[in-house]
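The next block holds one structure in the form of structure tokens; read it before the comments.
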2 protein chains.
Amino acid sequence: MSHAPASDTLHARIRSSIERKILSGAWKPGDRIPFEHELMEKYQCSRMTVSKAIADLVSAGLVVRRRRAGSFVAQPPVHLSILDIPDIQAEIRQRGQEYSYKRIARAVRKSARGNAEEQALADGGLLLAVECLHSANKRPFALERRLIALKAVPSAADANFAHVSPGAWLLDHVPWTQAEHRVSAISADVAVSDALEIDPRAACLRLERRTWRNGVAITHVVQTFAGESYHLAGSFTPTRAKRR
Amino acid sequence: MSHAPASDTLHARIRSSIERKILSGAWKPGDRIPFEHELMEKYQCSRMTVSKAIADLVSAGLVVRRRRAGSFVAQPPVHLSILDIPDIQAEIRQRGQEYSYKRIARAVRKSARGNAEEQALADGGLLLAVECLHSANKRPFALERRLIALKAVPSAADANFAHVSPGAWLLDHVPWTQAEHRVSAISADVAVSDALEIDPRAACLRLERRTWRNGVAITHVVQTFAGESYHLAGSFTPTRAKRR
DNA sequence: GCCCGGAATATGTCTATACATAAAGACCAA
DNA sequence: TTGGTCTTTATGTATAGACATATTCCGGGC
């Protein structure tokens, strides 16, 4: 919802100016950001000041600096399992298994009238609903039901997701700034056990995730993983002071 | 395993010197760290340099600064669910339910001979094994089996964990710097369904976690949550550049 | 005792400058 | 083309000083 308040110190203004370009997608990963001397000129300040602004962006992971070459928009994170948004395909291949993907359904529709959450996601626009199946070594592995807000990601309307999973597509095309997980264990119902070819009532891992970019909802997904075959794993350090 | 390499720049040396005091527990949350002018004296450098060292610690969340008052060791993070180590008691109370705790077993023993992982945890010392049950509104909620490395946390030997759960005790007494999760869904076996008073083969959420402080293994825990009643939830932002 | 205002002080921001260093690019030789 | 030097250049580290600003502290007036 709210955009950056552009704090009243100079280095914070420079920082958030650059940050906005990156988060809005105007400057893409790998792009060179202006040289420090150009920013000095633009903001009429000393090099230490622009340097501090860029250093802040480096410590936030948005920018990397290379001597003599300049400073560049950082590549988005590769992945870090639970805490991050997992790329199922990459994870299966990393285990040395064969990955396959099948789209079950794809539809563009309005948000359901009674469903406040869908309406918040759609934000007055349309929703793209995709249902698909991920398999490892030809065995069904995860069932995925996803909604994408077309108002927030209009280019998703051009992807049919017949051969590329919406998760992988989104990771490539849409930077995200915030996500929420809910992980639980469920007994498979008929629809799930049929799709995943497992016993009815078998234990499954259910992962629900909502993702935002700058406060704008992008997507909502429920992934159901077959039985005990899968686990989410993650390595992490303490969450300390919240900034901003 | 490895301790801080104490990089070769001055501000990095100052930074890791302070960091070591905090992570080792020598300086506790709320303690004031030396004034900038004292550090200038100690390291014979300019104020900008010590200021940068402290600014880095602020951005890492280890320190907070207050004008006129000084800089202080930050309070440890409150909690942030999945990504953090959950405090089960606090979470249940936050839901408005009554929390109760029961110790099932406690024993000090050597690491199992054939078990390389237990031996790595024990690191030549003894292990404290605790089994306990968490309940919400008098209904069993989670079964916990935990190992604590007494060599890394000798004071744990003095706690009997009859009324305080080892998780809560550790969060209060031992700072951690690194953790790994594995989350999966399992069907309850007999031991679990008995302890949690649920149907045999009911779906349960299993959370396994290892925790370290400065490369030294502290504890290993497996928590099994009853049925579909529980979910882990977490809000997070992208994991970008890894530092250090 | 209590409230308010001023002095003291530690951090916050910024400048201008200096030298170090990594690496891209150019140039030259085999 | 290949391979090795040398130059150039943008960032990396550090200094010394200036002024701003938020608090704490202290003392005076009521």
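Simple scheme: letters A, B, ... for chains in structure tokens order, numbers from 1 for residues in each chain, numbers from 1 for ligands in the order shown.
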Taking the chain letters and numbering used in this document, name the residues of region 6-141 of chain B that DSSP puts in alpha helix (DSSP H), as a short mmCIF file (atom, residue, chain, number, x, y, z; two decimals) with all heavy atoms, in the first residue's frame.
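Below is the file that was written, out-v8.cif:
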data_model
loop_
_atom_site.label_atom_id
_atom_site.label_comp_id
_atom_site.auth_asym_id
_atom_site.auth_seq_id
_atom_site.Cartn_x
_atom_site.Cartn_y
_atom_site.Cartn_z
N LEU B 10 40.28 -1.93 9.32
CA LEU B 10 40.20 -1.50 10.71
C LEU B 10 38.77 -1.56 11.22
O LEU B 10 38.50 -2.08 12.30
CB LEU B 10 40.76 -0.08 10.81
CG LEU B 10 40.82 0.51 12.20
CD1 LEU B 10 41.41 -0.46 13.19
CD2 LEU B 10 41.63 1.80 12.17
N HIS B 11 37.81 -1.01 10.44
CA HIS B 11 36.45 -1.00 10.97
C HIS B 11 35.92 -2.41 11.12
O HIS B 11 35.13 -2.69 12.01
CB HIS B 11 35.53 -0.14 10.08
CG HIS B 11 35.18 -0.74 8.77
ND1 HIS B 11 35.78 -0.36 7.60
CD2 HIS B 11 34.30 -1.70 8.45
CE1 HIS B 11 35.26 -1.07 6.60
NE2 HIS B 11 34.36 -1.89 7.08
N ALA B 12 36.37 -3.34 10.29
CA ALA B 12 35.92 -4.73 10.42
C ALA B 12 36.50 -5.36 11.68
O ALA B 12 35.83 -6.16 12.34
CB ALA B 12 36.32 -5.53 9.18
N ARG B 13 37.73 -4.99 12.00
CA ARG B 13 38.32 -5.53 13.24
C ARG B 13 37.56 -5.02 14.45
O ARG B 13 37.25 -5.76 15.38
CB ARG B 13 39.79 -5.13 13.35
CG ARG B 13 40.73 -6.09 12.63
CD ARG B 13 42.15 -6.00 13.19
NE ARG B 13 42.73 -4.66 13.13
CZ ARG B 13 43.24 -4.13 12.03
NH1 ARG B 13 43.23 -4.81 10.90
NH2 ARG B 13 43.74 -2.92 12.04
N ILE B 14 37.27 -3.71 14.44
CA ILE B 14 36.52 -3.15 15.57
C ILE B 14 35.16 -3.81 15.67
O ILE B 14 34.72 -4.23 16.73
CB ILE B 14 36.35 -1.63 15.38
CG1 ILE B 14 37.73 -0.96 15.31
CG2 ILE B 14 35.53 -1.04 16.51
CD1 ILE B 14 37.67 0.52 14.98
N ARG B 15 34.53 -3.95 14.51
CA ARG B 15 33.21 -4.56 14.48
C ARG B 15 33.24 -5.96 15.07
O ARG B 15 32.45 -6.30 15.95
CB ARG B 15 32.71 -4.65 13.04
CG ARG B 15 31.39 -5.32 12.93
CD ARG B 15 31.07 -5.83 11.55
NE ARG B 15 30.14 -6.95 11.67
CZ ARG B 15 29.04 -7.09 10.93
NH1 ARG B 15 28.76 -6.22 10.01
NH2 ARG B 15 28.26 -8.11 11.13
N SER B 16 34.18 -6.79 14.62
CA SER B 16 34.12 -8.18 15.08
C SER B 16 34.59 -8.30 16.51
O SER B 16 34.18 -9.23 17.21
CB SER B 16 34.87 -9.11 14.13
OG SER B 16 36.14 -8.61 13.85
N SER B 17 35.40 -7.36 16.95
CA SER B 17 35.77 -7.37 18.37
C SER B 17 34.53 -7.18 19.24
O SER B 17 34.31 -7.91 20.20
CB SER B 17 36.79 -6.27 18.63
OG SER B 17 36.72 -5.85 19.98
N ILE B 18 33.71 -6.20 18.87
CA ILE B 18 32.49 -5.95 19.64
C ILE B 18 31.51 -7.12 19.48
O ILE B 18 30.92 -7.60 20.45
CB ILE B 18 31.82 -4.64 19.15
CG1 ILE B 18 32.77 -3.47 19.39
CG2 ILE B 18 30.50 -4.41 19.86
CD1 ILE B 18 32.30 -2.16 18.76
N GLU B 19 31.41 -7.59 18.25
CA GLU B 19 30.50 -8.69 17.96
C GLU B 19 30.82 -9.91 18.80
O GLU B 19 29.92 -10.58 19.33
CB GLU B 19 30.64 -9.03 16.47
CG GLU B 19 29.59 -9.94 15.91
CD GLU B 19 29.81 -10.13 14.41
OE1 GLU B 19 30.98 -10.37 13.99
OE2 GLU B 19 28.84 -10.02 13.66
N ARG B 20 32.11 -10.19 18.95
CA ARG B 20 32.50 -11.35 19.73
C ARG B 20 32.05 -11.22 21.19
O ARG B 20 31.57 -12.16 21.78
CB ARG B 20 34.02 -11.55 19.65
CG ARG B 20 34.40 -12.91 19.05
CD ARG B 20 35.90 -13.05 18.90
NE ARG B 20 36.43 -12.23 17.82
CZ ARG B 20 37.38 -11.32 17.97
NH1 ARG B 20 37.90 -11.09 19.17
NH2 ARG B 20 37.80 -10.62 16.93
N LYS B 21 32.21 -9.98 21.72
CA LYS B 21 31.79 -9.76 23.12
C LYS B 21 30.31 -10.03 23.26
O LYS B 21 29.85 -10.58 24.27
CB LYS B 21 32.07 -8.31 23.52
CG LYS B 21 33.52 -7.94 23.46
CD LYS B 21 34.19 -8.14 24.79
CE LYS B 21 35.58 -7.53 24.74
NZ LYS B 21 36.27 -7.56 26.00
N ILE B 22 29.54 -9.64 22.26
CA ILE B 22 28.09 -9.80 22.36
C ILE B 22 27.70 -11.26 22.19
O ILE B 22 26.95 -11.82 23.00
CB ILE B 22 27.37 -8.93 21.31
CG1 ILE B 22 27.64 -7.45 21.60
CG2 ILE B 22 25.88 -9.21 21.31
CD1 ILE B 22 27.08 -6.50 20.56
N LEU B 23 28.25 -11.89 21.16
CA LEU B 23 27.84 -13.28 20.89
C LEU B 23 28.34 -14.23 21.97
O LEU B 23 27.72 -15.26 22.22
CB LEU B 23 28.33 -13.72 19.51
CG LEU B 23 27.63 -13.03 18.34
CD1 LEU B 23 28.19 -13.52 17.03
CD2 LEU B 23 26.13 -13.29 18.40
N SER B 24 29.47 -13.90 22.58
CA SER B 24 29.97 -14.78 23.63
C SER B 24 29.18 -14.60 24.92
O SER B 24 29.30 -15.39 25.84
CB SER B 24 31.44 -14.48 23.91
OG SER B 24 31.55 -13.23 24.59
N GLU B 36 31.94 6.08 21.52
CA GLU B 36 32.77 6.18 20.32
C GLU B 36 34.13 6.79 20.64
O GLU B 36 35.15 6.34 20.12
CB GLU B 36 32.04 7.02 19.26
CG GLU B 36 30.76 6.35 18.79
CD GLU B 36 30.09 7.10 17.64
OE1 GLU B 36 30.61 8.16 17.26
OE2 GLU B 36 29.08 6.61 17.14
N HIS B 37 34.16 7.81 21.52
CA HIS B 37 35.46 8.44 21.77
C HIS B 37 36.39 7.49 22.53
O HIS B 37 37.61 7.57 22.39
CB HIS B 37 35.30 9.77 22.52
CG HIS B 37 34.83 9.64 23.93
ND1 HIS B 37 33.51 9.82 24.30
CD2 HIS B 37 35.49 9.31 25.07
CE1 HIS B 37 33.39 9.64 25.60
NE2 HIS B 37 34.56 9.32 26.10
N GLU B 38 35.81 6.56 23.30
CA GLU B 38 36.66 5.57 23.97
C GLU B 38 37.26 4.59 22.95
O GLU B 38 38.43 4.21 23.05
CB GLU B 38 35.85 4.80 25.02
CG GLU B 38 35.40 5.68 26.18
CD GLU B 38 34.45 4.97 27.14
OE1 GLU B 38 33.51 4.29 26.67
OE2 GLU B 38 34.63 5.10 28.35
N LEU B 39 36.42 4.18 22.00
CA LEU B 39 36.93 3.27 20.97
C LEU B 39 37.95 3.96 20.08
O LEU B 39 38.93 3.34 19.64
CB LEU B 39 35.75 2.72 20.14
CG LEU B 39 34.80 1.81 20.92
CD1 LEU B 39 33.51 1.56 20.15
CD2 LEU B 39 35.47 0.48 21.25
N MET B 40 37.76 5.27 19.82
CA MET B 40 38.75 6.03 19.06
C MET B 40 40.10 5.95 19.75
O MET B 40 41.13 5.71 19.13
CB MET B 40 38.35 7.50 18.98
CG MET B 40 37.20 7.80 18.08
SD MET B 40 36.61 9.49 18.31
CE MET B 40 38.01 10.46 17.74
N GLU B 41 40.04 6.13 21.06
CA GLU B 41 41.26 6.09 21.86
C GLU B 41 41.90 4.70 21.77
O GLU B 41 43.07 4.55 21.45
CB GLU B 41 40.90 6.41 23.32
CG GLU B 41 42.08 6.50 24.27
CD GLU B 41 42.91 7.75 23.98
OE1 GLU B 41 42.38 8.69 23.32
OE2 GLU B 41 44.06 7.78 24.43
N LYS B 42 41.04 3.68 22.01
CA LYS B 42 41.55 2.32 22.06
C LYS B 42 42.19 1.89 20.74
O LYS B 42 43.23 1.25 20.73
CB LYS B 42 40.41 1.37 22.42
CG LYS B 42 40.80 -0.11 22.41
CD LYS B 42 39.70 -0.98 23.01
CE LYS B 42 40.07 -2.45 22.90
NZ LYS B 42 38.94 -3.33 23.27
N TYR B 43 41.53 2.24 19.64
CA TYR B 43 42.05 1.79 18.34
C TYR B 43 42.85 2.87 17.63
O TYR B 43 43.28 2.69 16.50
CB TYR B 43 40.90 1.31 17.45
CG TYR B 43 40.26 0.04 17.96
CD1 TYR B 43 39.13 0.08 18.76
CD2 TYR B 43 40.81 -1.20 17.65
CE1 TYR B 43 38.55 -1.10 19.24
CE2 TYR B 43 40.25 -2.37 18.11
CZ TYR B 43 39.12 -2.32 18.90
OH TYR B 43 38.56 -3.48 19.37
N ARG B 47 36.75 9.09 14.42
CA ARG B 47 35.41 8.75 14.86
C ARG B 47 34.59 8.09 13.75
O ARG B 47 33.81 7.18 13.99
CB ARG B 47 34.68 10.01 15.35
CG ARG B 47 33.45 9.66 16.14
CD ARG B 47 32.72 10.87 16.67
NE ARG B 47 31.31 10.67 16.48
CZ ARG B 47 30.48 11.58 16.02
NH1 ARG B 47 30.91 12.77 15.70
NH2 ARG B 47 29.22 11.28 15.88
N MET B 48 34.79 8.54 12.51
CA MET B 48 34.06 7.96 11.38
C MET B 48 34.28 6.45 11.31
O MET B 48 33.40 5.70 10.94
CB MET B 48 34.51 8.59 10.06
CG MET B 48 33.95 9.96 9.79
SD MET B 48 32.17 9.95 9.56
CE MET B 48 32.00 9.09 8.00
N THR B 49 35.48 6.02 11.67
CA THR B 49 35.80 4.60 11.53
C THR B 49 35.06 3.77 12.58
O THR B 49 34.45 2.76 12.26
CB THR B 49 37.31 4.40 11.64
OG1 THR B 49 37.94 5.17 10.63
CG2 THR B 49 37.67 2.95 11.45
N VAL B 50 35.09 4.22 13.83
CA VAL B 50 34.35 3.45 14.84
C VAL B 50 32.85 3.57 14.55
O VAL B 50 32.09 2.63 14.77
CB VAL B 50 34.65 3.89 16.28
CG1 VAL B 50 36.14 4.00 16.52
CG2 VAL B 50 33.97 5.17 16.64
N SER B 51 32.45 4.70 14.03
CA SER B 51 31.04 4.88 13.74
C SER B 51 30.58 3.89 12.67
O SER B 51 29.49 3.32 12.78
CB SER B 51 30.78 6.31 13.28
OG SER B 51 29.42 6.52 13.08
N LYS B 52 31.43 3.67 11.69
CA LYS B 52 31.07 2.70 10.65
C LYS B 52 30.97 1.30 11.24
O LYS B 52 30.06 0.53 10.91
CB LYS B 52 32.09 2.72 9.52
CG LYS B 52 31.90 1.60 8.51
CD LYS B 52 32.42 1.96 7.14
CE LYS B 52 32.25 0.80 6.15
NZ LYS B 52 30.86 0.32 6.08
N ALA B 53 31.91 0.97 12.12
CA ALA B 53 31.87 -0.36 12.75
C ALA B 53 30.55 -0.54 13.50
O ALA B 53 29.89 -1.57 13.38
CB ALA B 53 33.05 -0.52 13.70
N ILE B 54 30.16 0.47 14.25
CA ILE B 54 28.93 0.36 15.03
C ILE B 54 27.71 0.37 14.11
O ILE B 54 26.76 -0.38 14.33
CB ILE B 54 28.84 1.50 16.06
CG1 ILE B 54 30.02 1.40 17.04
CG2 ILE B 54 27.52 1.44 16.82
CD1 ILE B 54 30.09 2.52 18.04
N ALA B 55 27.77 1.18 13.04
CA ALA B 55 26.64 1.21 12.11
C ALA B 55 26.41 -0.17 11.50
O ALA B 55 25.27 -0.59 11.31
CB ALA B 55 26.91 2.24 11.01
N ASP B 56 27.49 -0.89 11.22
CA ASP B 56 27.35 -2.24 10.68
C ASP B 56 26.64 -3.14 11.68
O ASP B 56 25.80 -3.96 11.32
CB ASP B 56 28.73 -2.83 10.36
CG ASP B 56 29.31 -2.25 9.08
OD1 ASP B 56 28.60 -1.50 8.39
OD2 ASP B 56 30.47 -2.56 8.77
N LEU B 57 27.00 -2.98 12.96
CA LEU B 57 26.37 -3.82 13.98
C LEU B 57 24.89 -3.45 14.13
O LEU B 57 24.06 -4.31 14.42
CB LEU B 57 27.10 -3.64 15.31
CG LEU B 57 28.50 -4.25 15.31
CD1 LEU B 57 29.30 -3.77 16.51
CD2 LEU B 57 28.42 -5.77 15.32
N VAL B 58 24.58 -2.18 13.94
CA VAL B 58 23.17 -1.77 14.00
C VAL B 58 22.41 -2.43 12.85
O VAL B 58 21.34 -2.99 13.05
CB VAL B 58 23.04 -0.24 13.91
CG1 VAL B 58 21.58 0.15 13.68
CG2 VAL B 58 23.57 0.40 15.19
N SER B 59 23.02 -2.42 11.67
CA SER B 59 22.27 -2.97 10.54
C SER B 59 22.17 -4.47 10.65
O SER B 59 21.27 -5.09 10.07
CB SER B 59 22.89 -2.50 9.22
OG SER B 59 23.54 -3.53 8.56
N ILE B 88 6.74 -22.16 21.94
CA ILE B 88 5.41 -22.78 21.89
C ILE B 88 4.48 -22.21 22.95
O ILE B 88 3.32 -21.90 22.68
CB ILE B 88 5.54 -24.32 22.06
CG1 ILE B 88 6.26 -24.89 20.85
CG2 ILE B 88 4.17 -24.96 22.21
CD1 ILE B 88 6.47 -26.39 20.92
N GLN B 89 5.01 -22.05 24.15
CA GLN B 89 4.18 -21.52 25.23
C GLN B 89 3.61 -20.16 24.87
O GLN B 89 2.42 -19.89 24.99
CB GLN B 89 5.01 -21.43 26.51
CG GLN B 89 4.29 -20.71 27.63
CD GLN B 89 5.05 -20.81 28.93
OE1 GLN B 89 6.07 -21.49 29.02
NE2 GLN B 89 4.54 -20.14 29.95
N ALA B 90 4.49 -19.28 24.38
CA ALA B 90 4.04 -17.92 24.05
C ALA B 90 3.00 -17.96 22.94
O ALA B 90 2.02 -17.22 22.96
CB ALA B 90 5.24 -17.07 23.62
N GLU B 91 3.19 -18.85 21.99
CA GLU B 91 2.27 -18.88 20.86
C GLU B 91 0.89 -19.38 21.28
O GLU B 91 -0.13 -18.87 20.83
CB GLU B 91 2.84 -19.78 19.76
CG GLU B 91 4.10 -19.18 19.17
CD GLU B 91 4.40 -19.72 17.79
OE1 GLU B 91 3.72 -20.66 17.36
OE2 GLU B 91 5.31 -19.17 17.16
N ILE B 92 0.87 -20.37 22.14
CA ILE B 92 -0.42 -20.89 22.59
C ILE B 92 -1.16 -19.82 23.40
O ILE B 92 -2.35 -19.57 23.21
CB ILE B 92 -0.24 -22.17 23.42
CG1 ILE B 92 0.20 -23.30 22.49
CG2 ILE B 92 -1.52 -22.53 24.14
CD1 ILE B 92 0.45 -24.61 23.18
N ARG B 93 -0.44 -19.16 24.27
CA ARG B 93 -1.08 -18.12 25.09
C ARG B 93 -1.59 -16.99 24.22
O ARG B 93 -2.63 -16.39 24.48
CB ARG B 93 -0.06 -17.58 26.10
CG ARG B 93 0.30 -18.62 27.15
CD ARG B 93 0.38 -18.01 28.54
NE ARG B 93 0.41 -19.05 29.56
CZ ARG B 93 1.48 -19.35 30.30
NH1 ARG B 93 2.59 -18.66 30.14
NH2 ARG B 93 1.40 -20.29 31.21
N GLN B 94 -0.85 -16.70 23.16
CA GLN B 94 -1.26 -15.61 22.28
C GLN B 94 -2.58 -15.94 21.59
O GLN B 94 -3.35 -15.07 21.25
CB GLN B 94 -0.17 -15.37 21.24
CG GLN B 94 -0.28 -14.02 20.57
CD GLN B 94 0.96 -13.73 19.75
OE1 GLN B 94 1.83 -14.58 19.59
NE2 GLN B 94 1.05 -12.52 19.21
N ALA B 116 26.87 -40.85 14.32
CA ALA B 116 27.85 -39.79 14.08
C ALA B 116 27.28 -38.41 14.39
O ALA B 116 27.98 -37.52 14.86
CB ALA B 116 28.31 -39.83 12.62
N GLU B 117 25.99 -38.26 14.16
CA GLU B 117 25.40 -36.96 14.38
C GLU B 117 25.35 -36.63 15.87
O GLU B 117 25.66 -35.51 16.27
CB GLU B 117 24.00 -36.97 13.80
CG GLU B 117 23.55 -35.59 13.47
CD GLU B 117 22.07 -35.57 13.25
OE1 GLU B 117 21.61 -36.32 12.37
OE2 GLU B 117 21.39 -34.84 13.98
N GLU B 118 24.95 -37.59 16.68
CA GLU B 118 24.95 -37.35 18.13
C GLU B 118 26.36 -37.07 18.63
O GLU B 118 26.56 -36.22 19.49
CB GLU B 118 24.39 -38.58 18.86
CG GLU B 118 22.89 -38.66 18.86
CD GLU B 118 22.36 -39.64 19.90
OE1 GLU B 118 23.17 -40.15 20.71
OE2 GLU B 118 21.15 -39.88 19.90
N GLN B 119 27.33 -37.75 18.05
CA GLN B 119 28.70 -37.53 18.50
C GLN B 119 29.17 -36.13 18.15
O GLN B 119 29.87 -35.49 18.93
CB GLN B 119 29.62 -38.59 17.90
CG GLN B 119 29.38 -39.96 18.55
CD GLN B 119 30.16 -41.07 17.88
OE1 GLN B 119 30.94 -40.82 16.97
NE2 GLN B 119 29.96 -42.29 18.35
N ALA B 120 28.76 -35.65 16.98
CA ALA B 120 29.14 -34.29 16.59
C ALA B 120 28.51 -33.28 17.55
O ALA B 120 29.12 -32.29 17.94
CB ALA B 120 28.71 -34.01 15.16
N LEU B 121 27.26 -33.55 17.93
CA LEU B 121 26.58 -32.65 18.85
C LEU B 121 27.26 -32.68 20.22
O LEU B 121 27.55 -31.64 20.81
CB LEU B 121 25.10 -33.07 18.99
CG LEU B 121 24.24 -32.29 19.97
CD1 LEU B 121 24.17 -30.82 19.59
CD2 LEU B 121 22.82 -32.88 20.01
N ALA B 122 27.54 -33.87 20.71
CA ALA B 122 28.14 -33.99 22.04
C ALA B 122 29.56 -33.43 22.07
O ALA B 122 29.99 -32.85 23.06
CB ALA B 122 28.16 -35.46 22.46
#
Q | Residue hits in chain A, query chain C, radius 8 Å, only C-alpha atoms (C1' of nucleotides), as number ranges by chain | A | A: 9, 46, 49, 67-69
Residues from last step as file, all heavy atoms, as a PDB file, in the first residue's frame:
ATOM      1  N   THR A   9      16.890  12.764   5.451  1.00  0.00           N
ATOM      2  CA  THR A   9      18.326  12.946   5.324  1.00  0.00           C
ATOM      3  C   THR A   9      18.704  12.706   3.873  1.00  0.00           C
ATOM      4  O   THR A   9      18.030  11.967   3.158  1.00  0.00           O
ATOM      5  CB  THR A   9      19.128  12.001   6.238  1.00  0.00           C
ATOM      6  OG1 THR A   9      19.012  10.673   5.733  1.00  0.00           O
ATOM      7  CG2 THR A   9      18.594  12.046   7.658  1.00  0.00           C
ATOM      8  N   SER A  46      28.789  15.296  -1.434  1.00  0.00           N
ATOM      9  CA  SER A  46      30.115  14.687  -1.454  1.00  0.00           C
ATOM     10  C   SER A  46      30.029  13.209  -1.778  1.00  0.00           C
ATOM     11  O   SER A  46      28.955  12.603  -1.722  1.00  0.00           O
ATOM     12  CB  SER A  46      30.779  14.856  -0.102  1.00  0.00           C
ATOM     13  OG  SER A  46      30.217  13.932   0.803  1.00  0.00           O
ATOM     14  N   THR A  49      28.693  10.742   0.915  1.00  0.00           N
ATOM     15  CA  THR A  49      27.249  10.673   1.099  1.00  0.00           C
ATOM     16  C   THR A  49      26.602   9.691   0.124  1.00  0.00           C
ATOM     17  O   THR A  49      25.807   8.840   0.534  1.00  0.00           O
ATOM     18  CB  THR A  49      26.625  12.067   0.944  1.00  0.00           C
ATOM     19  OG1 THR A  49      27.254  12.935   1.878  1.00  0.00           O
ATOM     20  CG2 THR A  49      25.142  12.034   1.203  1.00  0.00           C
ATOM     21  N   ARG A  67      34.769  -3.016  -8.004  1.00  0.00           N
ATOM     22  CA  ARG A  67      35.792  -2.004  -8.218  1.00  0.00           C
ATOM     23  C   ARG A  67      36.047  -1.797  -9.694  1.00  0.00           C
ATOM     24  O   ARG A  67      36.082  -2.744 -10.461  1.00  0.00           O
ATOM     25  CB  ARG A  67      37.098  -2.460  -7.568  1.00  0.00           C
ATOM     26  CG  ARG A  67      37.215  -2.016  -6.145  1.00  0.00           C
ATOM     27  CD  ARG A  67      38.574  -2.363  -5.606  1.00  0.00           C
ATOM     28  NE  ARG A  67      38.722  -1.794  -4.277  1.00  0.00           N
ATOM     29  CZ  ARG A  67      39.285  -2.421  -3.258  1.00  0.00           C
ATOM     30  NH1 ARG A  67      39.750  -3.626  -3.422  1.00  0.00           N
ATOM     31  NH2 ARG A  67      39.390  -1.835  -2.104  1.00  0.00           N
ATOM     32  N   ARG A  68      36.253  -0.604 -10.000  1.00  0.00           N
ATOM     33  CA  ARG A  68      36.586  -0.169 -11.351  1.00  0.00           C
ATOM     34  C   ARG A  68      35.398  -0.308 -12.317  1.00  0.00           C
ATOM     35  O   ARG A  68      35.284   0.446 -13.277  1.00  0.00           O
ATOM     36  CB  ARG A  68      37.817  -0.957 -11.869  1.00  0.00           C
ATOM     37  CG  ARG A  68      37.983  -1.055 -13.366  1.00  0.00           C
ATOM     38  CD  ARG A  68      38.466   0.282 -13.923  1.00  0.00           C
ATOM     39  NE  ARG A  68      37.870   0.543 -15.198  1.00  0.00           N
ATOM     40  CZ  ARG A  68      38.536   0.837 -16.310  1.00  0.00           C
ATOM     41  NH1 ARG A  68      39.843   0.931 -16.279  1.00  0.00           N
ATOM     42  NH2 ARG A  68      37.912   1.075 -17.430  1.00  0.00           N
ATOM     43  N   ALA A  69      34.517  -1.245 -12.056  1.00  0.00           N
ATOM     44  CA  ALA A  69      33.418  -1.472 -12.989  1.00  0.00           C
ATOM     45  C   ALA A  69      32.206  -0.605 -12.647  1.00  0.00           C
ATOM     46  O   ALA A  69      31.554  -0.056 -13.525  1.00  0.00           O
ATOM     47  CB  ALA A  69      33.018  -2.946 -12.976  1.00  0.00           C
TER      48      ALA A  69
END
Q: May I have all residues of region 109-184 of chain B that DSSP, computed from the backbone, assigns to strand (DSSP E or B), given as a list in words?
A: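 Selecting the strand (DSSP E or B) positions of region 109-184 of chain B gives Arg109, Leu127, Leu128, Ala129, Val130, Glu131, Cys132, Leu133, His134, Ser135, Ala136, Arg139, Pro140, Phe141, Ala142, Leu143, Glu144, Arg145, Arg146, Leu147, Ile148, Ala149, Gln178, Ala179, Glu180, His181, Arg182, Val183 and Ser184 of chain B.
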Limited to C-alpha atoms, could you put the picked residues into a file as a short mmCIF file (atom, residue, chain, number, x, y, z; two decimals), in the first residue's frame?
data_model
loop_
_atom_site.label_atom_id
_atom_site.label_comp_id
_atom_site.auth_asym_id
_atom_site.auth_seq_id
_atom_site.Cartn_x
_atom_site.Cartn_y
_atom_site.Cartn_z
CA ARG B 109 23.93 -39.93 28.71
CA LEU B 127 24.16 -35.15 26.14
CA LEU B 128 21.06 -34.15 28.04
CA ALA B 129 18.02 -35.91 26.59
CA VAL B 130 14.59 -34.51 27.41
CA GLU B 131 11.21 -35.75 26.29
CA CYS B 132 8.18 -33.63 27.03
CA LEU B 133 4.64 -32.79 26.07
CA HIS B 134 3.05 -29.40 25.36
CA SER B 135 -0.70 -29.05 25.79
CA ALA B 136 -3.26 -26.40 24.90
CA ARG B 139 -5.31 -31.33 25.11
CA PRO B 140 -1.93 -32.69 24.00
CA PHE B 141 -0.53 -30.49 21.35
CA ALA B 142 3.08 -31.30 20.63
CA LEU B 143 5.48 -34.05 21.57
CA GLU B 144 9.07 -33.00 21.86
CA ARG B 145 12.28 -34.99 21.97
CA ARG B 146 15.39 -32.93 22.51
CA LEU B 147 19.11 -33.38 22.92
CA ILE B 148 21.25 -30.63 24.45
CA ALA B 149 25.04 -30.59 24.22
CA GLN B 178 22.37 -20.33 13.22
CA ALA B 179 19.58 -22.85 12.90
CA GLU B 180 18.30 -25.41 10.43
CA HIS B 181 14.76 -26.62 10.03
CA ARG B 182 13.22 -29.62 8.38
CA VAL B 183 9.47 -29.68 8.21
CA SER B 184 7.50 -32.66 7.00
#
Q: Record the distance separating CA of Ser193 (chain B) and CA of Ala156 (chain B), expressed in Å with one decimal.
A: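 Atom-to-atom, CA of Ser193 (chain B) and CA of Ala156 (chain B) are spaced 29.5 Å apart.
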Please identify every residue of chain D that has at least one atom no farther than 12 Å from an atom of chain B, counting only C-alpha atoms (C1' of nucleotides), and for each give the shortest atom pair and the distance in Å to one decimal, arranged by chain then increasing number, as a Markdown table.
| residue | atom | partner | partner_atom | distance |
| --- | --- | --- | --- | --- |
| D:DG12 | C1' | B:Thr9 | CA | 9.8 |
| D:DT13 | C1' | B:Thr9 | CA | 7.5 |
| D:DA14 | C1' | B:Thr49 | CA | 7.0 |
| D:DT15 | C1' | B:Ser46 | CA | 6.3 |
| D:DA16 | C1' | B:Ser46 | CA | 7.7 |
| D:DG17 | C1' | B:Ser46 | CA | 10.7 |
| D:DA20 | C1' | B:Arg67 | CA | 11.9 |
| D:DT21 | C1' | B:Arg67 | CA | 8.4 |
| D:DA22 | C1' | B:Arg67 | CA | 5.8 |
| D:DT23 | C1' | B:Arg68 | CA | 5.5 |
| D:DT24 | C1' | B:Arg68 | CA | 6.9 |
| D:DC25 | C1' | B:Arg68 | CA | 10.8 |
